[in-house]
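Okay, final.cif now, which holds mmCIF, C-alpha atoms:
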data_final
#
loop_
_atom_site.label_atom_id
_atom_site.label_comp_id
_atom_site.auth_asym_id
_atom_site.auth_seq_id
_atom_site.Cartn_x
_atom_site.Cartn_y
_atom_site.Cartn_z
CA MET A 7 6.14 -27.23 -7.30
CA ALA A 8 6.58 -25.31 -4.06
CA SER A 9 8.30 -28.16 -2.24
CA ILE A 10 10.65 -29.77 -4.79
CA SER A 11 13.78 -27.97 -3.59
CA GLY A 12 12.71 -28.47 0.01
CA LEU A 13 12.26 -32.21 -0.55
CA ILE A 14 15.65 -32.57 -2.21
CA GLY A 15 17.17 -30.89 0.86
CA THR A 16 15.17 -33.18 3.17
CA LEU A 17 16.24 -36.30 1.27
CA ARG A 18 19.86 -35.22 1.40
CA LEU A 19 19.71 -34.58 5.14
CA LEU A 20 17.94 -37.88 5.85
CA LEU A 21 20.43 -39.86 3.78
CA GLN A 22 23.44 -38.20 5.41
CA SER A 23 22.11 -38.52 8.92
CA SER A 24 21.01 -42.19 8.54
CA PHE A 25 24.28 -43.19 6.96
CA HIS A 26 26.36 -41.51 9.65
CA ARG A 27 24.33 -43.08 12.43
CA THR A 28 24.73 -46.54 10.86
CA VAL A 29 28.50 -46.16 10.44
CA ASP A 30 28.73 -45.06 14.06
CA ARG A 31 26.86 -48.10 15.25
CA GLY A 32 28.76 -50.72 13.29
CA SER A 33 30.57 -51.63 10.13
CA LYS A 34 28.67 -54.73 9.02
CA GLY A 35 27.57 -54.49 5.38
CA THR A 36 24.14 -56.01 6.05
CA GLU A 37 23.37 -53.51 8.78
CA ILE A 38 24.24 -50.54 6.55
CA LYS A 39 22.11 -52.01 3.76
CA GLN A 40 19.11 -52.49 6.04
CA THR A 41 19.42 -49.00 7.50
CA ILE A 42 19.64 -47.36 4.07
CA LYS A 43 16.57 -49.36 2.99
CA PHE A 44 14.69 -48.14 6.07
CA SER A 45 15.82 -44.56 5.42
CA LEU A 46 14.58 -44.70 1.84
CA LYS A 47 11.15 -45.73 3.16
CA ARG A 48 11.18 -42.75 5.52
CA MET A 49 12.26 -40.48 2.67
CA GLN A 50 9.34 -41.61 0.52
CA SER A 51 7.05 -40.79 3.40
CA ALA A 52 8.73 -37.37 3.76
CA ASP A 53 8.01 -36.76 0.06
CA VAL A 54 4.32 -36.97 0.72
CA SER A 55 3.94 -35.16 4.02
CA GLY A 56 7.16 -34.56 5.98
CA GLY A 57 8.67 -32.04 3.53
CA GLU A 58 5.41 -30.17 3.19
CA ASN A 59 4.78 -30.05 6.91
CA ARG A 60 8.24 -28.76 7.61
CA PHE A 61 7.48 -25.44 5.95
CA GLN A 62 3.93 -24.59 6.91
CA VAL A 63 2.88 -20.95 6.62
CA ARG A 64 1.13 -19.70 9.75
CA LYS A 65 0.21 -16.37 11.35
CA LEU A 66 2.80 -14.53 13.44
CA GLU A 67 2.71 -15.46 17.15
CA ILE A 68 3.88 -13.32 20.03
CA THR A 69 6.64 -15.84 20.84
CA ASP A 70 8.15 -15.45 17.34
CA LYS A 71 10.31 -12.53 18.45
CA SER A 72 12.52 -15.01 20.31
CA LYS A 73 12.67 -17.19 17.18
CA GLY A 74 14.56 -14.66 15.08
CA PHE A 75 11.65 -12.76 13.50
CA ILE A 76 13.28 -9.32 13.90
CA GLU A 77 16.67 -10.63 12.71
CA LEU A 78 14.92 -11.97 9.60
CA LEU A 79 13.39 -8.54 8.86
CA GLN A 80 16.86 -7.05 9.20
CA GLN A 81 17.80 -8.95 6.04
CA LEU A 82 15.13 -6.95 4.19
CA SER A 83 15.53 -3.36 5.34
CA VAL A 84 16.48 -1.06 8.18
CA CYS A 85 15.16 -2.74 11.33
CA ASP A 86 16.76 -1.68 14.58
CA SER A 87 16.44 -3.96 17.55
CA VAL A 88 12.91 -3.84 18.94
CA SER A 89 12.30 -4.20 22.69
CA ASP A 90 9.94 -6.91 23.93
CA LYS A 91 7.51 -4.18 25.02
CA GLN A 92 7.56 -2.44 21.62
CA PHE A 93 7.08 -5.79 19.87
CA GLU A 94 4.19 -6.76 22.11
CA GLU A 95 2.44 -3.41 21.64
CA ARG A 96 2.74 -3.53 17.85
CA PHE A 97 1.74 -7.22 17.79
CA LEU A 98 -1.41 -6.53 19.82
CA GLU A 99 -2.24 -3.45 17.71
CA LEU A 100 -2.00 -5.45 14.47
CA SER A 101 -3.91 -8.38 16.01
CA SER A 102 -6.78 -6.01 16.84
CA TYR A 103 -7.31 -5.50 13.09
CA GLY A 104 -8.18 -9.20 12.69
CA ASP A 105 -8.27 -10.24 9.03
CA ASP A 106 -7.49 -6.66 7.95
CA HIS A 107 -3.79 -7.00 8.81
CA ILE A 108 -2.01 -10.34 8.76
CA VAL A 109 1.67 -11.07 9.27
CA CYS A 110 2.55 -14.63 8.27
CA VAL A 111 5.70 -16.63 8.90
CA ILE A 112 7.34 -19.96 8.15
CA GLU A 113 9.06 -21.59 11.09
CA ASP A 114 11.64 -24.27 10.45
CA ASP A 115 10.50 -26.82 13.00
CA ARG A 116 13.94 -28.40 13.08
CA SER A 117 15.85 -25.26 14.02
CA GLY A 118 12.92 -23.47 15.67
CA LYS A 119 13.80 -20.36 13.65
CA ILE A 120 11.50 -18.11 11.62
CA ILE A 121 12.91 -18.38 8.11
CA ALA A 122 10.33 -16.53 5.98
CA THR A 123 7.72 -13.83 6.45
CA GLY A 124 5.36 -11.47 4.65
CA SER A 125 2.42 -9.26 5.56
CA ILE A 126 -0.82 -8.01 4.06
CA PHE A 127 -3.28 -5.32 5.09
CA ILE A 128 -6.65 -4.63 3.58
CA GLU A 129 -7.49 -1.18 2.25
CA LYS A 130 -11.16 -0.23 2.01
CA LYS A 131 -12.12 1.97 -0.91
CA PHE A 132 -15.12 3.72 -2.42
CA LEU A 133 -13.93 2.64 -5.88
CA ARG A 134 -15.05 -0.69 -7.35
CA ASN A 135 -18.37 -0.69 -5.57
CA CYS A 136 -16.76 0.04 -2.18
CA GLY A 137 -14.13 -2.60 -2.95
CA LYS A 138 -11.10 -3.80 -1.05
CA VAL A 139 -7.41 -4.09 -1.99
CA GLY A 140 -4.80 -6.26 -0.30
CA HIS A 141 -1.41 -4.57 0.12
CA ILE A 142 1.46 -7.05 0.43
CA GLU A 143 4.54 -5.82 2.32
CA ASP A 144 7.79 -6.97 3.89
CA VAL A 145 8.34 -10.32 2.19
CA VAL A 146 11.70 -11.90 3.05
CA VAL A 147 13.22 -15.38 3.13
CA ASP A 148 16.24 -16.16 5.30
CA ALA A 149 19.46 -16.26 3.26
CA SER A 150 20.07 -19.86 4.36
CA ALA A 151 16.64 -21.00 3.16
CA ARG A 152 16.48 -19.53 -0.33
CA GLY A 153 15.78 -21.69 -3.36
CA MET A 154 13.16 -23.75 -1.53
CA GLN A 155 10.15 -21.85 -2.90
CA LEU A 156 9.34 -20.42 0.53
CA GLY A 157 8.80 -16.92 -0.91
CA LYS A 158 6.27 -18.38 -3.30
CA LYS A 159 4.45 -20.09 -0.39
CA ILE A 160 4.33 -16.78 1.49
CA ILE A 161 2.90 -14.93 -1.54
CA LYS A 162 0.34 -17.68 -2.15
CA PHE A 163 -0.78 -17.50 1.50
CA LEU A 164 -1.14 -13.69 1.32
CA THR A 165 -2.90 -13.54 -2.06
CA ASP A 166 -5.22 -16.38 -1.00
CA HIS A 167 -6.06 -14.32 2.09
CA ALA A 168 -6.77 -11.21 -0.01
CA HIS A 169 -9.04 -13.25 -2.28
CA ALA A 170 -10.81 -14.93 0.66
CA VAL A 171 -11.69 -11.63 2.35
CA GLY A 172 -13.14 -10.26 -0.90
CA CYS A 173 -10.39 -8.05 -2.34
CA TYR A 174 -10.66 -7.37 -6.06
CA LYS A 175 -6.85 -7.29 -6.29
CA ALA A 176 -3.63 -7.73 -4.33
CA ILE A 177 -0.71 -5.40 -4.97
CA LEU A 178 2.90 -4.96 -3.95
CA ASP A 179 5.94 -2.85 -4.75
CA CYS A 180 9.37 -4.27 -5.48
CA SER A 181 12.66 -3.62 -7.19
CA LEU A 182 13.08 -4.44 -10.87
CA ASP A 183 15.41 -7.28 -9.77
CA ASN A 184 12.48 -9.08 -8.10
CA LYS A 185 10.04 -8.68 -11.00
CA ALA A 186 10.70 -12.18 -12.41
CA PHE A 187 10.09 -13.80 -9.00
CA TYR A 188 6.73 -12.07 -8.54
CA GLU A 189 5.73 -12.91 -12.11
CA LYS A 190 6.30 -16.58 -11.23
CA CYS A 191 3.92 -15.97 -8.30
CA GLY A 192 1.24 -14.78 -10.74
CA LEU A 193 1.58 -10.99 -10.43
CA LYS A 194 2.04 -8.58 -13.32
CA GLN A 195 3.73 -5.20 -13.52
CA LYS A 196 1.15 -2.41 -13.60
CA GLY A 197 3.15 0.78 -13.12
CA ILE A 198 5.81 2.39 -11.00
CA HIS A 199 6.32 3.00 -7.30
CA MET A 200 7.07 6.47 -5.90
CA THR A 201 8.30 7.44 -2.43
CA MET A 202 8.86 10.50 -0.25
CA TYR A 203 11.07 9.96 2.80
CA PHE A 204 10.72 12.11 5.93
CA VAL A 205 13.80 10.79 7.74
CA MET B 26 4.52 27.25 -5.07
CA ALA B 27 1.39 25.10 -5.11
CA SER B 28 -0.94 28.03 -5.88
CA ILE B 29 0.87 30.07 -8.56
CA SER B 30 -0.76 28.41 -11.57
CA GLY B 31 -4.08 28.36 -9.74
CA LEU B 32 -3.86 32.10 -9.13
CA ILE B 33 -2.89 32.82 -12.73
CA GLY B 34 -5.96 30.81 -13.80
CA THR B 35 -8.14 32.73 -11.31
CA LEU B 36 -6.80 36.08 -12.54
CA ARG B 37 -7.43 35.07 -16.13
CA LEU B 38 -11.00 33.97 -15.38
CA LEU B 39 -11.74 37.15 -13.39
CA LEU B 40 -10.34 39.38 -16.12
CA GLN B 41 -12.26 37.58 -18.87
CA SER B 42 -15.51 37.50 -16.94
CA SER B 43 -15.31 41.16 -15.84
CA PHE B 44 -14.44 42.33 -19.32
CA HIS B 45 -17.26 40.39 -20.94
CA ARG B 46 -19.80 41.63 -18.45
CA THR B 47 -18.69 45.24 -19.02
CA VAL B 48 -18.90 44.91 -22.79
CA ASP B 49 -22.35 43.43 -22.42
CA ARG B 50 -23.54 46.31 -20.30
CA GLY B 51 -22.25 49.18 -22.47
CA SER B 52 -19.63 50.42 -24.84
CA LYS B 53 -18.40 53.61 -23.10
CA GLY B 54 -14.65 53.68 -22.73
CA THR B 55 -14.81 55.13 -19.21
CA GLU B 56 -17.12 52.42 -17.99
CA ILE B 57 -14.83 49.65 -19.27
CA LYS B 58 -11.84 51.37 -17.64
CA GLN B 59 -13.60 51.64 -14.28
CA THR B 60 -14.77 48.03 -14.35
CA ILE B 61 -11.30 46.72 -15.20
CA LYS B 62 -9.89 48.85 -12.36
CA PHE B 63 -12.47 47.36 -9.96
CA SER B 64 -11.73 43.88 -11.24
CA LEU B 65 -8.01 44.35 -10.67
CA LYS B 66 -8.77 45.28 -7.06
CA ARG B 67 -10.82 42.10 -6.67
CA MET B 68 -8.04 40.12 -8.29
CA GLN B 69 -5.48 41.48 -5.84
CA SER B 70 -7.77 40.45 -3.01
CA ALA B 71 -8.15 37.01 -4.60
CA ASP B 72 -4.36 36.74 -4.68
CA VAL B 73 -4.20 37.02 -0.92
CA SER B 74 -7.23 35.08 0.24
CA GLY B 75 -10.02 34.53 -2.29
CA GLY B 76 -8.10 32.25 -4.66
CA GLU B 77 -6.61 30.30 -1.80
CA ASN B 78 -9.90 29.96 0.05
CA ARG B 79 -11.70 28.82 -3.04
CA PHE B 80 -9.69 25.61 -3.16
CA GLN B 81 -9.22 24.55 0.42
CA VAL B 82 -8.38 20.91 1.08
CA ARG B 83 -10.56 19.35 3.77
CA LYS B 84 -11.55 15.90 4.99
CA LEU B 85 -14.39 14.05 3.25
CA GLU B 86 -17.81 14.71 4.76
CA ILE B 87 -20.83 12.45 4.60
CA THR B 88 -22.72 15.03 2.51
CA ASP B 89 -20.03 14.94 -0.21
CA LYS B 90 -21.73 12.05 -1.99
CA SER B 91 -24.39 14.51 -3.18
CA LYS B 92 -21.65 16.88 -4.35
CA GLY B 93 -20.30 14.60 -7.05
CA PHE B 94 -17.67 12.68 -5.06
CA ILE B 95 -18.48 9.30 -6.65
CA GLU B 96 -18.71 10.84 -10.15
CA LEU B 97 -15.23 12.31 -9.58
CA LEU B 98 -13.82 8.86 -8.66
CA GLN B 99 -15.36 7.52 -11.87
CA GLN B 100 -12.86 9.68 -13.77
CA LEU B 101 -10.07 7.67 -12.12
CA SER B 102 -11.12 4.05 -12.31
CA VAL B 103 -14.01 1.60 -12.29
CA CYS B 104 -16.50 3.01 -9.79
CA ASP B 105 -20.05 1.79 -10.13
CA SER B 106 -22.78 3.85 -8.57
CA VAL B 107 -22.76 3.49 -4.81
CA SER B 108 -26.01 3.56 -2.82
CA ASP B 109 -26.41 6.07 0.01
CA LYS B 110 -26.39 3.18 2.48
CA GLN B 111 -23.17 1.68 1.05
CA PHE B 112 -21.54 5.10 1.07
CA GLU B 113 -22.57 5.79 4.64
CA GLU B 114 -21.33 2.40 5.85
CA ARG B 115 -17.94 2.79 4.18
CA PHE B 116 -17.68 6.42 5.33
CA LEU B 117 -18.34 5.44 8.97
CA GLU B 118 -15.94 2.49 8.74
CA LEU B 119 -13.13 4.72 7.45
CA SER B 120 -13.95 7.44 9.99
CA SER B 121 -13.55 4.90 12.79
CA TYR B 122 -9.85 4.60 11.85
CA GLY B 123 -9.32 8.27 12.78
CA ASP B 124 -5.94 9.55 11.56
CA ASP B 125 -5.09 6.10 10.20
CA HIS B 126 -7.28 6.55 7.13
CA ILE B 127 -8.05 9.97 5.69
CA VAL B 128 -9.94 10.82 2.51
CA CYS B 129 -9.49 14.47 1.57
CA VAL B 130 -11.35 16.57 -0.99
CA ILE B 131 -11.41 20.01 -2.55
CA GLU B 132 -14.86 21.52 -2.96
CA ASP B 133 -15.33 24.36 -5.40
CA ASP B 134 -17.41 26.69 -3.24
CA ARG B 135 -18.79 28.42 -6.32
CA SER B 136 -20.25 25.31 -7.93
CA GLY B 137 -20.61 23.27 -4.73
CA LYS B 138 -18.92 20.35 -6.49
CA ILE B 139 -16.11 18.12 -5.25
CA ILE B 140 -13.37 18.69 -7.83
CA ALA B 141 -10.36 16.88 -6.36
CA THR B 142 -9.69 14.04 -3.94
CA GLY B 143 -7.03 11.71 -2.59
CA SER B 144 -6.68 9.31 0.33
CA ILE B 145 -4.03 8.01 2.67
CA PHE B 146 -3.94 5.16 5.16
CA ILE B 147 -1.26 4.41 7.67
CA GLU B 148 0.44 1.02 7.72
CA LYS B 149 2.09 -0.07 10.97
CA LYS B 150 5.25 -2.11 10.63
CA PHE B 151 7.86 -3.89 12.73
CA LEU B 152 10.56 -2.51 10.42
CA ARG B 153 12.20 0.85 11.14
CA ASN B 154 11.79 0.58 14.87
CA CYS B 155 8.09 -0.30 14.58
CA GLY B 156 7.70 2.50 12.05
CA LYS B 157 4.73 3.71 10.02
CA VAL B 158 4.22 4.22 6.28
CA GLY B 159 1.57 6.40 4.63
CA HIS B 160 -0.01 4.82 1.53
CA ILE B 161 -1.48 7.40 -0.85
CA GLU B 162 -4.32 6.19 -3.07
CA ASP B 163 -7.06 7.38 -5.43
CA VAL B 164 -5.82 10.86 -6.35
CA VAL B 165 -7.94 12.53 -9.03
CA VAL B 166 -8.75 16.07 -10.18
CA ASP B 167 -11.92 16.84 -12.13
CA ALA B 168 -11.24 17.22 -15.86
CA SER B 169 -12.64 20.78 -15.78
CA ALA B 170 -10.31 21.83 -12.95
CA ARG B 171 -6.94 20.59 -14.21
CA GLY B 172 -3.97 22.92 -14.53
CA MET B 173 -4.76 24.73 -11.28
CA GLN B 174 -2.33 22.75 -9.12
CA LEU B 175 -5.14 21.08 -7.21
CA GLY B 176 -3.44 17.67 -7.47
CA LYS B 177 -0.34 19.18 -5.92
CA LYS B 178 -2.43 20.60 -3.04
CA ILE B 179 -3.97 17.16 -2.45
CA ILE B 180 -0.55 15.47 -2.38
CA LYS B 181 0.84 18.13 -0.04
CA PHE B 182 -2.11 17.65 2.34
CA LEU B 183 -1.63 13.86 2.34
CA THR B 184 2.17 13.85 2.71
CA ASP B 185 1.91 16.50 5.46
CA HIS B 186 -0.54 14.21 7.22
CA ALA B 187 1.82 11.21 6.90
CA HIS B 188 4.68 13.29 8.30
CA ALA B 189 2.54 14.68 11.14
CA VAL B 190 1.45 11.25 12.35
CA GLY B 191 5.06 10.04 12.41
CA CYS B 192 5.46 8.06 9.18
CA TYR B 193 9.05 7.62 8.01
CA LYS B 194 7.83 7.73 4.39
CA ALA B 195 4.80 8.19 2.16
CA ILE B 196 4.41 6.03 -0.94
CA LEU B 197 2.13 5.70 -3.95
CA ASP B 198 1.84 3.79 -7.20
CA CYS B 199 1.16 5.41 -10.55
CA SER B 200 1.55 5.03 -14.28
CA LEU B 201 4.77 6.11 -15.98
CA ASP B 202 2.75 8.98 -17.52
CA ASN B 203 2.21 10.53 -14.07
CA LYS B 204 5.83 10.21 -12.93
CA ALA B 205 6.73 13.83 -13.80
CA PHE B 206 3.72 15.18 -11.88
CA TYR B 207 4.63 13.26 -8.71
CA GLU B 208 8.27 14.30 -9.05
CA LYS B 209 7.07 17.92 -8.98
CA CYS B 210 5.28 17.01 -5.75
CA GLY B 211 8.59 15.87 -4.25
CA LEU B 212 8.34 12.09 -4.71
CA LYS B 213 10.96 9.89 -6.37
CA GLN B 214 10.67 6.62 -8.23
CA LYS B 215 11.84 3.74 -6.07
CA GLY B 216 10.80 0.62 -7.95
CA ILE B 217 7.92 -1.03 -9.74
CA HIS B 218 4.33 -1.85 -8.88
CA MET B 219 2.90 -5.37 -9.31
CA THR B 220 -0.73 -6.52 -9.21
CA MET B 221 -2.82 -9.69 -9.12
CA TYR B 222 -6.50 -9.25 -10.01
CA PHE B 223 -9.15 -11.63 -8.69
CA VAL B 224 -12.05 -10.31 -10.80
#
What do you get writing this file as structure tokens?
Amino acid sequence: MASISGLIGTLRLLLQSSFHRTVDRGSKGTEIKQTIKFSLKRMQSADVSGGENRFQVRKLEITDKSKGFIELLQQLSVCDSVSDKQFEERFLELSSYGDDHIVCVIEDDRSGKIIATGSIFIEKKFLRNCGKVGHIEDVVVDASARGMQLGKKIIKFLTDHAHAVGCYKAILDCSLDNKAFYEKCGLKQKGIHMTMYFV
Amino acid sequence: MASISGLIGTLRLLLQSSFHRTVDRGSKGTEIKQTIKFSLKRMQSADVSGGENRFQVRKLEITDKSKGFIELLQQLSVCDSVSDKQFEERFLELSSYGDDHIVCVIEDDRSGKIIATGSIFIEKKFLRNCGKVGHIEDVVVDASARGMQLGKKIIKFLTDHAHAVGCYKAILDCSLDNKAFYEKCGLKQKGIHMTMYFV
């Protein structure tokens, strides 16, 4: 389910690019036919692995700042430009928490850009037999990459992580507009979200 | 503001208890008058310091398990009995986070019982110029101590902490039933709260 839209996009790109290359090379009907046949074979292969591999979720790396990670966050909320030093310090601080704070990303390996992200940190309680809760934050998909189920992949990665480290639940806050999306990801509304701003 | 109802409750309790004790001891009009006068003096003193001191908010201590801390949490949610070892391990783990994870309590120094609690942990983001957010969790006041503004004192302690350590906001999730209480504490509804349970 997660890759259907992505695969349609991949197929479209492959078809366009193969056809254009063939036309550039020559105008013989047989050559075009052969090239399209070859492209279809490649597309079938992309169905199985290429499309999936293109949008792998992985942990944030220190080099991701230069791949548009901060610009992506700016599509979500207030996010002034962050200096390399600030980024490095925060990255190392979060890394020191190990599995207790994960930022994940999807990099489009064609453009080299970070096109989706989300984070989770693990709260340790006394409740629920000294249980743990995963708090999901800062989920955003690049405007150009929406409709390809990347948000769903991010949420699955984060909830799988929460489950794997022994949380009894994962939670997040969102606007009413995003309720339907998170319901498709398997979450349910439990209550309301309250805030107090200091700035 | 936080202590007005608490003080009214304290005054009422002092007046009732003094009056009953006087009636028990004797029926002379002068004696009752003198005792009430004495009680009023005590009440005025309680206004200034006694009432306030009785319900001080402080950080959780390792000895609070024996003062009913776990039983108090059981009034909030599922909280099986926790062994001393489990409690100690979790307490030390949370303590190691320093200001990044605080559990606060109110101990009634007359009964020696923990009658209110709440916690906050600090999330570190890339958003908002590598900003910080305080997440408030597990706020509960003992059923016998409600109506004395103890919940408000807990929230003030936790939001003050978030502000002091440089958070740009403090947030919490609650049921719609508790919205009015948190609004009185200065919070506003921002959105909805979603959950995924694993057990």
- [ ] Run the PyMOL selection byres ((chain A) within 8 of (chain B)) on the file and write out the hits as a PyMOL selection string.
- [x] chain A and resi 76+79-80+83-88+92-93+96+100+127+129-136+169+173-182+188+192-205
Take the residues from that selection and write them out as a short mmCIF file (atom, residue, chain, number, x, y, z; two decimals), in the coordinates of the input, keeping C-alpha atoms.
data_model
loop_
_atom_site.label_atom_id
_atom_site.label_comp_id
_atom_site.auth_asym_id
_atom_site.auth_seq_id
_atom_site.Cartn_x
_atom_site.Cartn_y
_atom_site.Cartn_z
CA ILE A 76 13.28 -9.32 13.90
CA LEU A 79 13.39 -8.54 8.86
CA GLN A 80 16.86 -7.05 9.20
CA SER A 83 15.53 -3.36 5.34
CA VAL A 84 16.48 -1.06 8.18
CA CYS A 85 15.16 -2.74 11.33
CA ASP A 86 16.76 -1.68 14.58
CA SER A 87 16.44 -3.96 17.55
CA VAL A 88 12.91 -3.84 18.94
CA GLN A 92 7.56 -2.44 21.62
CA PHE A 93 7.08 -5.79 19.87
CA ARG A 96 2.74 -3.53 17.85
CA LEU A 100 -2.00 -5.45 14.47
CA PHE A 127 -3.28 -5.32 5.09
CA GLU A 129 -7.49 -1.18 2.25
CA LYS A 130 -11.16 -0.23 2.01
CA LYS A 131 -12.12 1.97 -0.91
CA PHE A 132 -15.12 3.72 -2.42
CA LEU A 133 -13.93 2.64 -5.88
CA ARG A 134 -15.05 -0.69 -7.35
CA ASN A 135 -18.37 -0.69 -5.57
CA CYS A 136 -16.76 0.04 -2.18
CA HIS A 169 -9.04 -13.25 -2.28
CA CYS A 173 -10.39 -8.05 -2.34
CA TYR A 174 -10.66 -7.37 -6.06
CA LYS A 175 -6.85 -7.29 -6.29
CA ALA A 176 -3.63 -7.73 -4.33
CA ILE A 177 -0.71 -5.40 -4.97
CA LEU A 178 2.90 -4.96 -3.95
CA ASP A 179 5.94 -2.85 -4.75
CA CYS A 180 9.37 -4.27 -5.48
CA SER A 181 12.66 -3.62 -7.19
CA LEU A 182 13.08 -4.44 -10.87
CA TYR A 188 6.73 -12.07 -8.54
CA GLY A 192 1.24 -14.78 -10.74
CA LEU A 193 1.58 -10.99 -10.43
CA LYS A 194 2.04 -8.58 -13.32
CA GLN A 195 3.73 -5.20 -13.52
CA LYS A 196 1.15 -2.41 -13.60
CA GLY A 197 3.15 0.78 -13.12
CA ILE A 198 5.81 2.39 -11.00
CA HIS A 199 6.32 3.00 -7.30
CA MET A 200 7.07 6.47 -5.90
CA THR A 201 8.30 7.44 -2.43
CA MET A 202 8.86 10.50 -0.25
CA TYR A 203 11.07 9.96 2.80
CA PHE A 204 10.72 12.11 5.93
CA VAL A 205 13.80 10.79 7.74
#
Open item on the list: When the PyMOL selection byres ((chain B and resi 83) around 7) is applied to the structure above, which residues does it catch, written out as a list in words?
Closed with: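 Going through the file, the PyMOL selection byres ((chain B and resi 83) around 7) ends up selecting Gln81, Val82, Lys84, Leu85, Cys129, Val130 and Ile131 of chain B.
Counting from atom CA of A:Lys162, the distance to atom CA of B:Tyr122 is 28.2 Å.
Of the listed residues B:Lys209, B:Lys92, B:His186, B:Arg171, the one whose atoms come nearest to B:Gly137 is B:Lys92, with distances taken using all atoms listed in the file.
The two atoms in question, atom CA of A:Asp70 and atom CA of A:Val145, are spaced 16.0 Å apart.
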Task: Selection near A:Val147, 12 Å with all atoms listed in the file, sequence-local residues under 6 positions removed, as a list in words - done: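 That gives Phe61, Phe75, Glu77, Leu78, Leu79, Gln80, Gln81, Leu82, Cys110, Val111, Ile112, Glu113, Asp114, Lys119, Ile120, Ile121, Ala122, Thr123, Gly124, Gly153, Met154, Gln155, Leu156, Gly157, Lys158, Lys159, Ile160 and Ile161 of chain A.
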Task: Interatomic distance, atom CA of B:Asp124 to atom CA of B:Phe206 (Å, one decimal) - done: 26.0 Å
